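Peer 1: Contents of data.cif (mmCIF, C-alpha atoms) are below:
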```cif
data_input
#
loop_
_atom_site.label_atom_id
_atom_site.label_comp_id
_atom_site.auth_asym_id
_atom_site.auth_seq_id
_atom_site.Cartn_x
_atom_site.Cartn_y
_atom_site.Cartn_z
CA MET S 11 -2.59 21.28 -10.78
CA GLU S 12 -5.59 22.46 -12.69
CA ILE S 13 -8.47 20.01 -12.84
CA HIS S 14 -10.12 19.22 -16.16
CA PRO S 15 -13.26 17.21 -15.44
CA SER S 16 -14.54 14.76 -18.01
CA LEU S 17 -17.86 14.92 -19.81
CA LEU S 18 -19.07 12.06 -17.61
CA THR S 19 -18.49 14.18 -14.51
CA TYR S 20 -20.42 17.06 -16.04
CA TRP S 21 -23.23 14.68 -16.94
CA ILE S 22 -23.41 13.25 -13.41
CA ALA S 23 -23.32 16.77 -11.97
CA HIS S 24 -26.19 17.66 -14.29
CA LEU S 25 -28.18 14.57 -13.25
CA MET S 26 -27.61 15.30 -9.57
CA GLY S 27 -28.51 18.94 -10.06
CA VAL S 28 -25.21 20.23 -8.68
CA GLU S 29 -24.76 23.99 -9.00
CA ASP S 30 -21.14 24.32 -7.82
CA LEU S 31 -19.40 22.71 -10.80
CA HIS S 32 -15.96 23.96 -9.81
CA HIS S 33 -16.12 22.08 -6.52
CA PHE S 34 -17.72 19.01 -8.06
CA ALA S 35 -14.81 18.75 -10.51
CA TYR S 36 -12.62 17.53 -7.65
CA LYS S 37 -14.71 14.34 -7.58
CA ASP S 38 -13.67 13.55 -11.15
CA HIS S 39 -11.21 10.82 -10.23
CA ILE S 40 -13.68 9.23 -7.80
CA ILE S 41 -16.26 8.96 -10.57
CA ALA S 42 -13.66 7.51 -12.95
CA ALA S 43 -12.46 4.99 -10.34
CA GLY S 44 -16.06 4.03 -9.58
CA LEU S 45 -16.75 3.48 -13.26
CA THR S 46 -13.63 1.29 -13.50
CA PHE S 47 -14.79 -0.69 -10.48
CA VAL S 48 -18.28 -1.22 -11.92
CA LEU S 49 -16.90 -2.16 -15.35
CA LEU S 50 -14.46 -4.70 -13.93
CA THR S 51 -17.03 -6.23 -11.58
CA VAL S 52 -19.70 -6.61 -14.27
CA PHE S 53 -17.14 -7.95 -16.75
CA GLY S 54 -15.86 -10.49 -14.21
CA LEU S 55 -19.33 -11.65 -13.20
CA VAL S 56 -20.50 -12.05 -16.81
CA LEU S 57 -17.31 -13.88 -17.70
CA ARG S 58 -17.64 -16.20 -14.70
CA ALA S 59 -21.21 -17.08 -15.65
CA ARG S 60 -20.13 -17.93 -19.19
CA MET S 61 -16.92 -19.73 -18.34
CA SER S 62 -16.33 -22.71 -20.62
CA LEU S 63 -13.61 -25.21 -21.52
CA VAL S 64 -13.45 -23.81 -25.04
CA PRO S 65 -12.77 -20.15 -24.32
CA GLY S 66 -14.48 -17.35 -26.17
CA LYS S 67 -12.74 -14.12 -27.13
CA ALA S 68 -13.17 -12.30 -23.81
CA GLN S 69 -12.18 -15.37 -21.82
CA GLN S 70 -9.07 -15.76 -23.95
CA VAL S 71 -8.01 -12.20 -23.22
CA MET S 72 -8.50 -12.72 -19.49
CA GLU S 73 -6.68 -16.06 -19.57
CA LEU S 74 -3.78 -14.40 -21.35
CA PHE S 75 -3.64 -11.70 -18.67
CA VAL S 76 -3.90 -14.13 -15.76
CA SER S 77 -1.34 -16.53 -17.21
CA GLY S 78 0.99 -13.58 -17.79
CA VAL S 79 0.73 -12.56 -14.13
CA TYR S 80 1.20 -16.20 -13.07
CA GLY S 81 4.35 -16.37 -15.19
CA LEU S 82 5.67 -13.16 -13.63
CA LEU S 83 5.01 -14.43 -10.10
CA GLU S 84 6.55 -17.84 -10.71
CA GLU S 85 9.59 -16.29 -12.32
CA ASN S 86 10.27 -14.18 -9.25
CA MET S 87 9.03 -16.28 -6.34
CA GLY S 88 8.69 -19.85 -7.58
CA LYS S 89 5.60 -21.96 -7.02
CA GLU S 90 4.60 -20.26 -3.76
CA GLY S 91 4.25 -16.96 -5.60
CA ARG S 92 0.95 -18.14 -7.09
CA LYS S 93 -0.97 -17.23 -3.95
CA TYR S 94 -0.38 -13.50 -4.51
CA ILE S 95 -2.37 -13.45 -7.73
CA PRO S 96 -5.56 -11.93 -6.21
CA LEU S 97 -3.82 -8.72 -5.14
CA ILE S 98 -1.44 -8.33 -8.06
CA ALA S 99 -3.82 -9.22 -10.89
CA THR S 100 -6.53 -6.99 -9.40
CA LEU S 101 -4.13 -4.06 -9.11
CA GLY S 102 -2.94 -4.68 -12.65
CA LEU S 103 -6.46 -4.83 -14.08
CA PHE S 104 -7.61 -1.75 -12.17
CA ILE S 105 -4.60 0.32 -13.24
CA LEU S 106 -4.75 -0.90 -16.85
CA ILE S 107 -8.45 -0.08 -17.26
CA SER S 108 -7.99 3.24 -15.45
CA ASN S 109 -5.09 4.20 -17.70
CA LEU S 110 -6.91 3.19 -20.87
CA MET S 111 -10.10 5.01 -19.85
CA GLY S 112 -8.29 8.30 -20.34
CA MET S 113 -8.04 7.51 -24.06
CA VAL S 114 -11.83 7.26 -24.45
CA PRO S 115 -13.43 10.60 -25.35
CA GLY S 116 -15.71 11.80 -22.56
CA LEU S 117 -14.02 9.78 -19.82
CA SER S 118 -10.94 10.50 -17.74
CA SER S 119 -8.23 8.45 -16.04
CA SER S 120 -8.60 8.05 -12.31
CA THR S 121 -4.83 7.43 -12.22
CA GLY S 122 -4.36 10.92 -13.67
CA ASN S 123 -5.10 12.26 -10.18
CA TYR S 124 -2.50 11.69 -7.48
CA ASN S 125 -4.98 10.22 -4.98
CA THR S 126 -5.66 6.97 -6.86
CA PRO S 127 -2.03 5.89 -7.51
CA VAL S 128 -1.07 6.76 -3.94
CA ALA S 129 -3.87 4.54 -2.64
CA CYS S 130 -2.60 1.63 -4.78
CA ALA S 131 1.01 2.24 -3.74
CA LEU S 132 0.13 2.42 -0.03
CA ILE S 133 -1.75 -0.88 -0.30
CA VAL S 134 1.38 -2.41 -1.84
CA PHE S 135 3.62 -0.87 0.85
CA VAL S 136 1.52 -2.18 3.75
CA TYR S 137 1.06 -5.57 2.09
CA TYR S 138 4.71 -6.35 1.38
CA ASN S 139 5.78 -5.30 4.86
CA PHE S 140 2.99 -7.47 6.28
CA GLN S 141 4.18 -10.41 4.19
CA GLY S 142 7.76 -9.85 5.35
CA ILE S 143 6.72 -9.83 9.01
CA LYS S 144 4.56 -12.90 8.44
CA GLU S 145 7.49 -14.74 6.85
CA HIS S 146 10.33 -13.74 9.19
CA GLY S 147 8.56 -12.61 12.36
CA PHE S 148 10.76 -10.20 14.32
CA GLY S 149 13.71 -11.23 12.15
CA TYR S 150 12.29 -9.05 9.39
CA ILE S 151 14.39 -6.25 10.88
CA LYS S 152 17.46 -8.07 9.52
CA GLN S 153 16.38 -6.90 6.06
CA PHE S 154 16.97 -3.34 7.25
CA THR S 155 20.18 -3.77 9.24
CA GLY S 156 22.49 -5.29 6.67
CA PRO S 157 24.98 -8.13 7.22
CA ILE S 158 27.54 -6.45 9.55
CA TRP S 159 26.52 -5.42 13.06
CA TRP S 160 28.59 -2.23 13.35
CA MET S 161 27.06 -0.94 10.10
CA VAL S 162 23.60 -0.91 11.70
CA PRO S 163 23.50 2.83 12.64
CA LEU S 164 24.33 3.65 9.02
CA MET S 165 22.22 1.02 7.28
CA LEU S 166 19.02 1.31 9.31
CA PRO S 167 18.18 4.96 8.43
CA ILE S 168 19.18 4.43 4.81
CA GLU S 169 17.02 1.34 4.46
CA ILE S 170 14.06 2.96 6.21
CA ILE S 171 14.27 6.01 3.96
CA SER S 172 14.60 3.83 0.85
CA HIS S 173 11.60 1.76 1.89
CA CYS S 174 9.54 4.89 2.52
CA ALA S 175 10.57 6.25 -0.88
CA ARG S 176 9.15 3.16 -2.59
CA PRO S 177 5.43 4.03 -2.39
CA PHE S 178 6.26 7.63 -3.28
CA SER S 179 8.19 6.76 -6.42
CA LEU S 180 5.76 3.97 -7.34
CA SER S 181 2.75 6.28 -7.21
CA MET S 182 4.51 9.34 -8.64
CA ARG S 183 5.77 7.37 -11.65
CA LEU S 184 2.31 6.14 -12.55
CA PHE S 185 0.63 9.48 -11.88
CA MET S 186 3.07 11.68 -13.79
CA ASN S 187 3.16 9.33 -16.77
CA ILE S 188 -0.60 9.45 -17.19
CA ALA S 189 -1.08 13.10 -16.24
CA GLY S 190 1.90 14.21 -18.32
CA GLU S 191 0.64 12.34 -21.34
CA HIS S 192 -2.79 14.00 -21.02
CA LEU S 193 -1.08 17.35 -20.59
CA VAL S 194 1.02 16.93 -23.73
CA VAL S 195 -1.96 15.78 -25.79
CA GLY S 196 -3.94 18.75 -24.45
CA ILE S 197 -1.23 21.26 -25.36
CA ILE S 198 -0.67 19.77 -28.83
CA ALA S 199 -4.43 19.65 -29.42
CA GLY S 200 -4.52 23.35 -28.54
CA ILE S 201 -1.89 24.10 -31.18
CA ALA S 202 -2.99 21.68 -33.92
CA PRO S 203 -6.30 19.97 -33.19
CA TRP S 204 -6.37 17.74 -36.24
CA VAL S 205 -4.23 14.67 -37.11
CA ILE S 206 -1.17 15.60 -35.05
CA PRO S 207 -2.36 14.47 -31.55
CA ILE S 208 -3.14 10.95 -32.80
CA PRO S 209 0.47 9.60 -32.77
CA LEU S 210 0.85 11.04 -29.27
CA MET S 211 -2.30 9.25 -28.18
CA ALA S 212 -0.95 6.02 -29.68
CA LEU S 213 2.16 6.59 -27.60
CA GLY S 214 -0.15 7.07 -24.64
CA LEU S 215 -1.73 3.65 -25.24
CA LEU S 216 1.73 2.13 -25.16
CA ALA S 217 2.65 4.06 -22.00
CA ALA S 218 -0.56 2.94 -20.27
CA CYS S 219 0.29 -0.74 -20.84
CA ILE S 220 3.96 -0.31 -19.92
CA GLN S 221 3.15 1.57 -16.71
CA THR S 222 0.74 -1.18 -15.68
CA PHE S 223 3.46 -3.74 -16.31
CA ILE S 224 6.00 -1.72 -14.32
CA PHE S 225 3.62 -1.35 -11.37
CA VAL S 226 2.82 -5.08 -11.30
CA MET S 227 6.47 -6.02 -11.78
CA LEU S 228 7.67 -3.76 -8.97
CA THR S 229 4.94 -5.01 -6.62
CA THR S 230 6.10 -8.57 -7.32
CA LEU S 231 9.73 -7.62 -6.75
CA TYR S 232 8.92 -5.87 -3.46
CA ILE S 233 7.00 -8.87 -2.13
CA ALA S 234 9.75 -11.24 -3.31
CA GLY S 235 12.35 -9.01 -1.64
CA ALA S 236 10.46 -8.91 1.65
CA LYS S 237 10.15 -12.71 1.68
CA SER S 238 13.71 -13.48 0.59
CA HIS S 239 16.12 -15.20 3.02
CA ASP S 240 19.48 -14.24 1.56
CA HIS S 241 20.04 -11.09 3.62
CA MET R 18 32.09 24.69 -22.26
CA LYS R 19 32.84 26.47 -18.99
CA LYS R 20 31.26 29.66 -20.28
CA LEU R 21 28.19 27.72 -21.36
CA GLY R 22 27.87 26.16 -17.91
CA PHE R 23 28.20 29.59 -16.28
CA LEU R 24 25.52 30.93 -18.62
CA PHE R 25 23.17 28.11 -17.62
CA LEU R 26 23.81 28.61 -13.92
CA SER R 27 23.34 32.36 -14.16
CA MET R 28 20.10 31.85 -16.06
CA ILE R 29 18.85 29.51 -13.36
CA PHE R 30 19.87 31.67 -10.39
CA VAL R 31 19.03 35.05 -11.89
CA GLY R 32 15.65 34.97 -10.19
CA ALA R 33 17.21 34.42 -6.77
CA VAL R 34 19.57 37.35 -7.35
CA PHE R 35 16.82 39.68 -8.51
CA GLY R 36 14.64 38.57 -5.65
CA GLN R 37 17.00 39.91 -3.00
CA ASP R 38 15.97 43.56 -3.16
CA GLY R 39 13.01 43.33 -0.84
CA HIS R 40 10.67 41.41 -3.10
CA GLU R 41 9.99 37.74 -2.66
CA ALA R 42 12.37 35.48 -4.57
CA ALA R 43 10.34 34.43 -7.60
CA ALA R 44 11.87 32.11 -10.19
CA PRO R 45 12.00 33.59 -13.69
CA PHE R 46 9.43 32.28 -16.12
CA PHE R 47 11.87 30.07 -18.03
CA THR R 48 13.26 28.18 -15.02
CA PRO R 49 10.81 25.28 -15.44
CA SER R 50 11.70 25.06 -19.12
CA ILE R 51 15.42 24.87 -18.40
CA ALA R 52 14.91 22.33 -15.61
CA MET R 53 12.77 20.19 -17.89
CA ALA R 54 15.21 20.55 -20.80
CA LEU R 55 18.18 19.47 -18.66
CA ALA R 56 16.27 16.57 -17.16
CA ALA R 57 14.86 15.36 -20.48
CA GLY R 58 18.17 15.69 -22.31
CA LEU R 59 20.17 13.80 -19.71
CA CYS R 60 17.41 11.21 -19.45
CA GLY R 61 17.61 10.77 -23.22
CA LEU R 62 21.37 10.16 -22.96
CA GLY R 63 20.88 7.61 -20.18
CA GLN R 64 18.03 5.80 -21.89
CA GLY R 65 19.94 5.76 -25.16
CA LYS R 66 22.85 4.04 -23.44
CA ALA R 67 20.51 1.51 -21.84
CA ILE R 68 18.74 0.72 -25.13
CA TYR R 69 22.07 0.48 -26.97
CA SER R 70 23.34 -2.14 -24.54
CA ALA R 71 20.04 -4.02 -24.59
CA CYS R 72 19.95 -4.13 -28.40
CA GLU R 73 23.53 -5.34 -28.50
CA GLY R 74 22.79 -8.02 -25.92
CA MET R 75 19.68 -9.17 -27.79
CA ALA R 76 21.53 -9.31 -31.11
CA ARG R 77 24.37 -11.35 -29.63
CA ASN R 78 22.14 -13.73 -27.69
CA PRO R 79 18.56 -13.83 -29.06
CA GLY R 80 17.72 -16.60 -26.58
CA ALA R 81 17.96 -14.14 -23.70
CA ALA R 82 15.81 -11.50 -25.45
CA GLY R 83 12.82 -11.95 -23.12
CA ASP R 84 14.77 -11.44 -19.91
CA ILE R 85 16.70 -8.52 -21.39
CA ARG R 86 13.47 -6.86 -22.52
CA THR R 87 11.93 -7.12 -19.05
CA THR R 88 15.01 -5.68 -17.41
CA LEU R 89 15.22 -2.96 -20.05
CA LEU R 90 11.62 -1.87 -19.45
CA LEU R 91 12.17 -1.78 -15.70
CA GLY R 92 15.39 0.20 -16.06
CA LEU R 93 13.82 2.65 -18.51
CA ALA R 94 10.99 3.24 -16.05
CA PHE R 95 13.48 3.98 -13.28
CA ILE R 96 15.45 6.42 -15.45
CA GLU R 97 12.29 8.06 -16.71
CA SER R 98 10.84 8.52 -13.25
CA LEU R 99 13.56 11.08 -12.44
CA VAL R 100 12.30 13.27 -15.28
CA LEU R 101 8.77 12.80 -14.00
CA PHE R 102 9.89 13.96 -10.54
CA THR R 103 11.23 17.10 -12.20
CA LEU R 104 7.90 17.59 -13.98
CA ALA R 105 6.04 17.06 -10.70
CA SER R 106 8.27 19.53 -8.85
CA ILE R 107 7.60 22.09 -11.60
CA PHE R 108 3.84 21.73 -11.15
CA LEU R 109 3.76 21.42 -7.38
CA GLY R 110 6.70 23.67 -6.41
#
```
Would you mind writing the file out in structure tokens?

Peer 2:
Amino acid sequence: MEIHPSLLTYWIAHLMGVEDLHHFAYKDHIIAAGLTFVLLTVFGLVLRARMSLVPGKAQQVMELFVSGVYGLLEENMGKEGRKYIPLIATLGLFILISNLMGMVPGLSSSTGNYNTPVACALIVFVYYNFQGIKEHGFGYIKQFTGPIWWMVPLMLPIEIISHCARPFSLSMRLFMNIAGEHLVVGIIAGIAPWVIPIPLMALGLLAACIQTFIFVMLTTLYIAGAKSHDH
Amino acid sequence: MKKLGFLFLSMIFVGAVFGQDGHEAAAPFFTPSIAMALAAGLCGLGQGKAIYSACEGMARNPGAAGDIRTTLLLGLAFIESLVLFTLASIFLG
């Protein structure tokens, strides 16, 4: 896919004195992800320093987010689900800010490049399998074999393929939603650069939030599925 | 209906047929468009059915609206991801 670097990337290339702009454009998503990381870290540190019993505006937004993730976890895993909040809320925040950064003129989404979503999805894949092994030990294989013993040769390959398809579909869904939205806005802006792209960009805001929710929800469901005992 | 289906199939495979005389089999320029149109249209049908059922469920039992909405969003994302796979295969294939 063709790479359209953001203004920020051009600016950093200019500051660093890079001549080969075409090659530097491939670092676009790294710069966007780094900016997301810096933004989130600074925001978190400032918020922690100012934390108070009577929350301000920023603290209220964060409390809403965190209590939403807590609610999601408790709904799916009960009380013990609360301990997964560091991973899931961090993934959610990172993906949400990354998605929304594509809406800001001059910046680009790091999730609009396949490398960032696939990193997130692989983390989720490794983590839920690790949690399953931690919970069941060697008995985790029972999740793959199904209830009947003579069905094992059929069930095992199917389950392994379906588990390997999870990170693929998880990352591809996020990536194509963001990249496709940018593509559509780009094409429409090429045809009619005035008012007409704005509703599409509003739709993109909605899609960014929904995709974050889907990612977080599916991560929760995968961890809950790996820890469940009813197989 | 049968003729229409044959027309669609012939439009899709016409590149493979033309590609047999020595040249490499290149898809005609409108193959991605037709693939995307089929995928998006059928996805619209599926999502419409899902939203119809969800609206009906929410209207009949407003108390369950939250759960239904969560499930609806999840299901819509699953249906939609098939179209996105088509879009990805157009760009990468």

Peer 1: Which residues match the PyMOL selection byres ((chain R and resi 99) around 12) in the file above, as a PyMOL selection string?

Peer 2: (chain S and resi 179-180+182-183+186-187) or (chain R and resi 52-53+55-61+63-64+92-98+100-106)

Peer 1: Residues as selected, C-alpha atoms, written as a JSON list (two decimals), keeping the file's coordinate frame, can you do that?

Peer 2:
```json
[["chain", "number", "residue", "atom", "x", "y", "z"],
["S", 179, "SER", "CA", 8.19, 6.76, -6.42],
["S", 180, "LEU", "CA", 5.76, 3.97, -7.34],
["S", 182, "MET", "CA", 4.51, 9.34, -8.64],
["S", 183, "ARG", "CA", 5.77, 7.37, -11.65],
["S", 186, "MET", "CA", 3.07, 11.68, -13.79],
["S", 187, "ASN", "CA", 3.16, 9.33, -16.77],
["R", 52, "ALA", "CA", 14.91, 22.33, -15.61],
["R", 53, "MET", "CA", 12.77, 20.19, -17.89],
["R", 55, "LEU", "CA", 18.18, 19.47, -18.66],
["R", 56, "ALA", "CA", 16.27, 16.57, -17.16],
["R", 57, "ALA", "CA", 14.86, 15.36, -20.48],
["R", 58, "GLY", "CA", 18.17, 15.69, -22.31],
["R", 59, "LEU", "CA", 20.17, 13.80, -19.71],
["R", 60, "CYS", "CA", 17.41, 11.21, -19.45],
["R", 61, "GLY", "CA", 17.61, 10.77, -23.22],
["R", 63, "GLY", "CA", 20.88, 7.61, -20.18],
["R", 64, "GLN", "CA", 18.03, 5.80, -21.89],
["R", 92, "GLY", "CA", 15.39, 0.20, -16.06],
["R", 93, "LEU", "CA", 13.82, 2.65, -18.51],
["R", 94, "ALA", "CA", 10.99, 3.24, -16.05],
["R", 95, "PHE", "CA", 13.48, 3.98, -13.28],
["R", 96, "ILE", "CA", 15.45, 6.42, -15.45],
["R", 97, "GLU", "CA", 12.29, 8.06, -16.71],
["R", 98, "SER", "CA", 10.84, 8.52, -13.25],
["R", 100, "VAL", "CA", 12.30, 13.27, -15.28],
["R", 101, "LEU", "CA", 8.77, 12.80, -14.00],
["R", 102, "PHE", "CA", 9.89, 13.96, -10.54],
["R", 103, "THR", "CA", 11.23, 17.10, -12.20],
["R", 104, "LEU", "CA", 7.90, 17.59, -13.98],
["R", 105, "ALA", "CA", 6.04, 17.06, -10.70],
["R", 106, "SER", "CA", 8.27, 19.53, -8.85]]
```

Peer 1: Taking 6 positions as the minimum chain separation for residues in the same chain, which residues sit within 8 Å of segment 137-148 of chain S when counting only C-alpha atoms? Answer as a list in words.

Peer 2: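 Near neighbours after the sequence-gap exclusion: Tyr232, Ile233, Ala236 and Lys237 of chain S.
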
Peer 1: Expand the PyMOL selection byres ((chain S and resi 214-224) around 8) into the individual residues it matches in the shown file, reporting them as a PDB file with C-alpha atoms, keeping the file's coordinate frame.

Peer 2:
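Below is the file expr-v1.pdb, written as the result:
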```
ATOM      1  CA  GLY S 102      -2.940  -4.680 -12.650  1.00  0.00           C
ATOM      2  CA  ILE S 105      -4.600   0.320 -13.240  1.00  0.00           C
ATOM      3  CA  LEU S 106      -4.750  -0.900 -16.850  1.00  0.00           C
ATOM      4  CA  ASN S 109      -5.090   4.200 -17.700  1.00  0.00           C
ATOM      5  CA  LEU S 110      -6.910   3.190 -20.870  1.00  0.00           C
ATOM      6  CA  MET S 113      -8.040   7.510 -24.060  1.00  0.00           C
ATOM      7  CA  LEU S 184       2.310   6.140 -12.550  1.00  0.00           C
ATOM      8  CA  ASN S 187       3.160   9.330 -16.770  1.00  0.00           C
ATOM      9  CA  ILE S 188      -0.600   9.450 -17.190  1.00  0.00           C
ATOM     10  CA  GLU S 191       0.640  12.340 -21.340  1.00  0.00           C
ATOM     11  CA  LEU S 210       0.850  11.040 -29.270  1.00  0.00           C
ATOM     12  CA  MET S 211      -2.300   9.250 -28.180  1.00  0.00           C
ATOM     13  CA  ALA S 212      -0.950   6.020 -29.680  1.00  0.00           C
ATOM     14  CA  LEU S 213       2.160   6.590 -27.600  1.00  0.00           C
ATOM     15  CA  PHE S 225       3.620  -1.350 -11.370  1.00  0.00           C
ATOM     16  CA  VAL S 226       2.820  -5.080 -11.300  1.00  0.00           C
ATOM     17  CA  MET S 227       6.470  -6.020 -11.780  1.00  0.00           C
ATOM     18  CA  LEU S 228       7.670  -3.760  -8.970  1.00  0.00           C
TER      19      LEU S 228
ATOM     20  CA  LEU R  90      11.620  -1.870 -19.450  1.00  0.00           C
ATOM     21  CA  LEU R  91      12.170  -1.780 -15.700  1.00  0.00           C
ATOM     22  CA  ALA R  94      10.990   3.240 -16.050  1.00  0.00           C
TER      23      ALA R  94
END
```

Peer 1: Would you compute the distance between atom CA of Ala175 of chain S and atom CA of Ile133 of chain S? Give it in Å to one decimal.

Peer 2: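 Between atom CA of Ala175 of chain S and atom CA of Ile133 of chain S the gap works out to 14.2 Å.
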
Peer 1: One number please: atom CA of Met26 of chain S to atom CA of Ile41 of chain S, in Å, one decimal.

Peer 2: 13.0 Å

Peer 1: Taking all atoms listed in the file into account, which of S:Leu164, S:Ala68, S:Leu82, S:Ala199 comes nearest chain R?

Peer 2: S:Leu82

Peer 1: Quick one: distance from atom CA of Leu103 of chain S to atom CA of Pro209 of chain S in Å, one decimal?

Peer 2: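 A separation of 24.6 Å between them.
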
Peer 1: Using all atoms listed in the file, pick whichever of S:Pro163, S:Pro15, S:Pro177, S:Gly196 has the shortest atom-to-atom distance to Ile40 of chain S.

Peer 2: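 Going through S:Pro163, S:Pro15, S:Pro177, S:Gly196 one by one, the smallest distance to Ile40 of chain S is for S:Pro15.
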
Peer 1: Go through S:Leu117, S:Val71, S:Ala202, S:Leu193 and flag the residue nearest chain R, using only C-alpha atoms for the distances.

Peer 2: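 Distance minimum relative to chain R lands on S:Leu193.
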
Peer 1: For chain S, which residue out of R:Gly65, R:Gly83, R:Pro45, R:Gly74 is the nearest one, using only C-alpha atoms?

Peer 2: R:Gly83

Peer 1: Would you pick out the contacts of Met75 of chain R at 8 Å or less, using only C-alpha atoms, so that residues sharing its chain but fewer than 6 positions from it are not included, and give the list as number ranges by chain?

Peer 2: R: 81-82, 85

Peer 1: Kindly export the residues of the current selection with C-alpha atoms, as a CSV table (one decimal), in the coordinates of the input.

Peer 2:
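What ended up in result.csv:
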```
chain,number,residue,atom,x,y,z
R,81,ALA,CA,18.0,-14.1,-23.7
R,82,ALA,CA,15.8,-11.5,-25.4
R,85,ILE,CA,16.7,-8.5,-21.4
```

Peer 1: Which of these, R:Leu89, R:Ile51, R:Leu21, R:Cys72, has the shortest distance to chain S once you count only C-alpha atoms?

Peer 2: R:Leu89

Peer 1: Calculated over only C-alpha atoms, which of the candidates S:Gly190, S:Trp204, S:Ile197, S:His24 has the smallest distance to chain R?

Peer 2: S:Gly190

Peer 1: How big is the axis-aligned box, and where does its centre sit, when it encloses all atoms of segment 94-102 of chain R listed in the file and has 5 Å added on every side, reported in Å to one decimal as AutoDock Vina command-line options?

Peer 2:
```
--center_x 12.1 --center_y 8.6 --center_z -13.6 --size_x 16.7 --size_y 20.7 --size_z 16.2
```

Peer 1: Using the atoms already present, construct N, CA and C atoms for segment 93-109 of chain S and hand them back as a CSV table (one decimal), in the coordinates of the input.

Peer 2:
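The resulting file, rebuild30.csv, is shown below:
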```csv
chain,number,residue,atom,x,y,z
S,93,LYS,N,0.1,-17.6,-4.9
S,93,LYS,CA,-1.0,-17.2,-4.0
S,93,LYS,C,-1.1,-15.7,-3.9
S,94,TYR,N,-0.2,-15.0,-4.5
S,94,TYR,CA,-0.4,-13.5,-4.5
S,94,TYR,C,-1.2,-13.0,-5.7
S,95,ILE,N,-1.7,-13.9,-6.5
S,95,ILE,CA,-2.4,-13.4,-7.7
S,95,ILE,C,-3.6,-12.6,-7.5
S,96,PRO,N,-4.4,-12.8,-6.4
S,96,PRO,CA,-5.6,-11.9,-6.2
S,96,PRO,C,-5.2,-10.5,-6.1
S,97,LEU,N,-4.2,-10.1,-5.3
S,97,LEU,CA,-3.8,-8.7,-5.1
S,97,LEU,C,-3.2,-8.2,-6.4
S,98,ILE,N,-2.2,-8.9,-7.0
S,98,ILE,CA,-1.4,-8.3,-8.1
S,98,ILE,C,-2.2,-8.2,-9.4
S,99,ALA,N,-3.0,-9.3,-9.7
S,99,ALA,CA,-3.8,-9.2,-10.9
S,99,ALA,C,-4.9,-8.2,-10.8
S,100,THR,N,-5.5,-8.0,-9.6
S,100,THR,CA,-6.5,-7.0,-9.4
S,100,THR,C,-5.9,-5.6,-9.6
S,101,LEU,N,-4.8,-5.4,-9.0
S,101,LEU,CA,-4.1,-4.1,-9.1
S,101,LEU,C,-3.8,-3.8,-10.6
S,102,GLY,N,-3.3,-4.8,-11.3
S,102,GLY,CA,-2.9,-4.7,-12.6
S,102,GLY,C,-4.1,-4.4,-13.5
S,103,LEU,N,-5.3,-5.1,-13.3
S,103,LEU,CA,-6.5,-4.8,-14.1
S,103,LEU,C,-7.0,-3.4,-13.8
S,104,PHE,N,-7.1,-3.1,-12.5
S,104,PHE,CA,-7.6,-1.8,-12.2
S,104,PHE,C,-6.8,-0.6,-12.8
S,105,ILE,N,-5.5,-0.8,-12.7
S,105,ILE,CA,-4.6,0.3,-13.2
S,105,ILE,C,-4.7,0.3,-14.8
S,106,LEU,N,-4.7,-0.9,-15.4
S,106,LEU,CA,-4.8,-0.9,-16.8
S,106,LEU,C,-6.0,-0.3,-17.4
S,107,ILE,N,-7.2,-0.6,-16.8
S,107,ILE,CA,-8.4,-0.1,-17.3
S,107,ILE,C,-8.5,1.4,-17.0
S,108,SER,N,-8.0,1.8,-15.8
S,108,SER,CA,-8.0,3.2,-15.4
S,108,SER,C,-7.2,4.0,-16.4
S,109,ASN,N,-6.0,3.5,-16.8
S,109,ASN,CA,-5.1,4.2,-17.7
S,109,ASN,C,-5.8,4.3,-19.1
```
